[in-house]
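Single-structure report; data block below.
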Protein chains: 2
Amino acid sequence: MTWLDLPEDSVFGLANLPYGVFSRPGQEPRVGIAVGSSVLDVGTLAEAAGAAFAPVLWGPSLNPFLAAGRETWSLVREKVTEWLSDEAHRDLVTPHLVPLAEVQLHLPFEVADYVDFYSNEHHAVNAGTIFRLADDATDALTPNWKHLPIGYHGRAGTVVVSGTPIVRPSGQRKPRNEEKPTYGPSLRLDIEAEVGFVVGTPSKLGEQVGVGAFEDHVFGVCLVNDWSARDIQAWEYQPLGPFLGKSFATSVSPWIVPLEALQHARVAPPPQDPEPLPYLLGDTHWGLDLGMEIRVNGHVVSRPPFATQYWTAAQQLAHLTVNGASLRTGDLYASGTVSGPEKDQRGSLLELSWGGREPFDLPDGSQRTFLEDGDEVIITATAPGPDGARIGFGEVAGRVVPAVTEEK
Amino acid sequence: MTWLDLPEDSVFGLANLPYGVFSRPGQEPRVGIAVGSSVLDVGTLAEAAGAAFAPVLWGPSLNPFLAAGRETWSLVREKVTEWLSDEAHRDLVTPHLVPLAEVQLHLPFEVADYVDFYSNEHHAVNAGTIFRLADDATDALTPNWKHLPIGYHGRAGTVVVSGTPIVRPSGQRKPRNEEKPTYGPSLRLDIEAEVGFVVGTPSKLGEQVGVGAFEDHVFGVCLVNDWSARDIQAWEYQPLGPFLGKSFATSVSPWIVPLEALQHARVAPPPQDPEPLPYLLGDTHWGLDLGMEIRVNGHVVSRPPFATQYWTAAQQLAHLTVNGASLRTGDLYASGTVSGPEKDQRGSLLELSWGGREPFDLPDGSQRTFLEDGDEVIITATAPGPDGARIGFGEVAGRVVPAVTEEK
């Protein structure tokens, strides 16, 4: 299968081949592919091999490769698979393998627009119950929830790569029992475990991208931690939605797993009732059976299942473009918080602590409602690959550092 | 004052010198400055003059110039003023003046993140009354409105230059008297007349940009038409804010007027009660006395005054970054719809037709609530300059073209 010395259970085996951007000390960032415990310096390898597609793999981001389109994505994948499978290429390839331990990983692509959806029913019901029933709403789900994948734009400029420290945000928050808002560091700093979809092929302004065109536009999948300051969010979000409660940072995993690597992870989309409007229907869309894991300071606090997500990624894309909004290479859209029906499958601390009212235990004896300074959160995921293999997504990690405290 | 043959009342006189990007047939887009009825090809002029700053003026967008920072902005302005004032430079400059009538104007900068505020009290009261009182809210303004400048992120990738046709967006909308949403072209296509602020100098993640640092980061001002599909917006916006009701297109004027040209347009910020939190206070912020005009098919339908805007642009920037969100070169943030207290000062058709319930007349005998296919909207503005001069902002124009009608 491969001449590489890969452990049988590697989640970065030949069935995966996720793309990222790496650098060695003193070198400029460049495109790489994770293989086992190495990074394949695929741009220089392609050049050495005289591959015509080499130039799209040069440079400090995936964007030229993403823009090259579906045929090129397949071609490069085919070629890399051949290089790593056929013993004959060992001497060609070996000089271009770099130990992962020796490299720094960078934000893999320049984010164009960032959209965050809200497409998980368990999460939406939980959040609606915690946030809005208290405001005398009559239902946890707003009336539109089952008719369209609700989404909003986030801040593309503050999407950061895994490992970037998260400065506790300051801002306005107004506790329910106080008259006026106060300024200060967020007291309810939270996470949202999400799955992100990365657009490669752009579309034209005024053009709709139907459910069936999903694979022509979306290259791959990453993990997203949509850090959220719940107190800031609660005070600001009416009537125009989340803003500063989210815009301080959104972390993504350093590896983008190609859709082509996820053929075996496809699952039937969940039944949708009521039936969505025709522009949201299609024969070709599917969910993805990602098993996610959230660790706080090394302890697993939740294992959200992505397979039961209500709206599929293809439906989200069709909705995003139904008004003629164009796509750009580097657009990122995230699933919304992934939660399962069980308590230990919830994708945010808001849900795990039920709005802060039910602290949960960490195995070290401490308790949490929201994040404390110094806490480290790591989200990982795997999905089924061929022949019992597992496809890994790497991790999206972040440690909370204290707020900039000066009053301005 | 100038050796140029400029009409006395030109709004593109030497007190203005706004920046844009233009091209002549067969030429690549390049940076230009509007002077009278000409565009100054300032990059090639600077090169011919041997100016050290010339390279930031080459290329197809203003971003390198914006990124160069406040000192460079001042230096270029000083030099251009000298070139256009002193007869001695006539022979140097003349070959670089191109008639405006011969050029195409392009999107002047690559938009990084786009934020839309909601900072005009008249508009917020009108919109709140029309949209939300009907939903049994108790007050037209949400409780947070006078404590912070409410804002949200829009779609940067669909910001287009004046003149770009606006395809009527399709999507879901649910009339109040119907059970289920339907798909189709928006029946309530609207405008929002706004003022945009363009960020030049970036800031670091985790760093706050105080009210007093506004002029270190913001280069200049443009006009914005934040096209809005009210029926799509009304159905989608709970709980996470506007999305497809806005993301199909946002038009900007082709000229960015430097803050330095607006010294005489500064007005005292309005009284704010309650007093905002300290991070929103400062001695150095001000409103801008822009007189705006909205024309539909050539007829003036409104003259919104920007001077009385509740939250100033410096306060908006301080709020946008109070959570440590970083700024990038090319960030655009818009004021929110500008409306005055009078009926003929309202900045949207939503307000002019009071939610569609009160059609208004056009002088050609036709009536409007919202926009019809073929309608052209043009927003212009001027501001006071020195010695009785007027500073012009050019125009942001757009014509509505019919929806892509196929059901998908």
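In the structure tokens, the first chain shown is A, the next is B, and so on; residue numbers restart at 1 for each chain, and ligands run from 1 in the order shown.
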- Message: Neighbouring residues of range 326-343 of chain B were defined as those with any atom within 7 Å, considering only C-alpha atoms; residues of the same chain fewer than 5 positions away were excluded. Please report them as an MDAnalysis selection string.
- Response: (chainID A and resid 157:158) or (chainID B and resid 63 66:67 109:120 122:123 192:207 304:306 321 352)
- Item | Polymer residues at most 9 Å from Gly13 in chain A, only C-alpha atoms, same-chain spacing of 6 or more positions, as a PyMOL selection string | chain A and resi 6-7+34-36+389-392
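We find CA of Ala54 in chain B and CA of Glu87 in chain B to be spaced 21.6 Å apart.
Residues in contact with range 286-297 of chain B at up to 6 Å, not including ones fewer than 6 positions away on its chain and judged by only C-alpha atoms, are Ala265, Arg266, Val267, Ala268, Pro269, Arg303, Pro304, Pro305, Phe306, Ala307, Thr312, Asp375, Glu376, Val377, Ile378, Ile379, Thr380, Ala381, Thr382 and Ala383 of chain B.
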- Task: For Leu148 in chain A, list every protein, DNA or RNA residue within 8 Å, evaluated using only C-alpha atoms, and leave out those in the same chain fewer than 2 positions away; present the list as a ChimeraX atom specification.
- Result: /A:144-146,150,276,319
Any chance you can output those residues with N, CA, C and O atoms as a PDB file, in the first residue's frame?
ATOM      1  N   ASN A 144     -38.459  30.113  11.965  1.00  0.00           N
ATOM      2  CA  ASN A 144     -37.755  29.894  10.695  1.00  0.00           C
ATOM      3  C   ASN A 144     -36.796  28.708  10.735  1.00  0.00           C
ATOM      4  O   ASN A 144     -36.321  28.260   9.693  1.00  0.00           O
ATOM      5  N   TRP A 145     -36.481  28.172  11.936  1.00  0.00           N
ATOM      6  CA  TRP A 145     -35.342  27.266  12.088  1.00  0.00           C
ATOM      7  C   TRP A 145     -35.411  26.037  11.180  1.00  0.00           C
ATOM      8  O   TRP A 145     -34.419  25.633  10.580  1.00  0.00           O
ATOM      9  N   LYS A 146     -36.580  25.444  11.049  1.00  0.00           N
ATOM     10  CA  LYS A 146     -36.696  24.225  10.237  1.00  0.00           C
ATOM     11  C   LYS A 146     -36.988  24.510   8.762  1.00  0.00           C
ATOM     12  O   LYS A 146     -37.163  23.594   7.959  1.00  0.00           O
ATOM     13  N   ILE A 150     -30.158  28.793   9.403  1.00  0.00           N
ATOM     14  CA  ILE A 150     -29.859  30.146   9.898  1.00  0.00           C
ATOM     15  C   ILE A 150     -28.343  30.340   9.945  1.00  0.00           C
ATOM     16  O   ILE A 150     -27.611  29.453  10.376  1.00  0.00           O
ATOM     17  N   PRO A 276     -38.105  20.900   3.168  1.00  0.00           N
ATOM     18  CA  PRO A 276     -37.597  22.228   2.787  1.00  0.00           C
ATOM     19  C   PRO A 276     -38.062  22.625   1.391  1.00  0.00           C
ATOM     20  O   PRO A 276     -38.476  21.787   0.599  1.00  0.00           O
ATOM     21  N   HIS A 319     -28.176  27.637   0.392  1.00  0.00           N
ATOM     22  CA  HIS A 319     -28.874  28.748   1.043  1.00  0.00           C
ATOM     23  C   HIS A 319     -28.032  30.027   0.986  1.00  0.00           C
ATOM     24  O   HIS A 319     -28.545  31.108   0.662  1.00  0.00           O
TER      25      HIS A 319
END
- Rank nothing, just name the residue among A:Val257, A:Leu317, A:Thr129, A:Gln104 nearest to Val11 in chain A, using only C-alpha atoms.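 Of the candidates, the smallest distance to Val11 in chain A is held by A:Val257.
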- Message: Just want the 9 Å neighbourhood of Glu260 in chain B, counted on only C-alpha atoms, with same-chain residues fewer than 6 positions away dropped. Output as a list of chain:residue names.
- Response: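 Returned residues: B:Asn16, B:Trp73, B:Ser74, B:Arg77, B:Phe219, B:Gly220.
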- Task: Using CA of Arg70 in chain A and CA of Ala318 in chain A as the two end points, give the distance in Å to one decimal.
- Result: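 Interatomic distance here is 18.0 Å.
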- Task: Among the residues of range 66-267 of chain A, find those DSSP assigns to helix (DSSP H, G or I) from the backbone and print them as a ChimeraX atom specification.
- Result: /A:66-68,70-85,87-96,100-102,121-135,156-158,211-217,230-236,244-247,259-265
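Across B:Val300, B:Leu189, B:Leu371, B:Leu223, the tightest approach to chain A is made by B:Leu189 when counting only C-alpha atoms.
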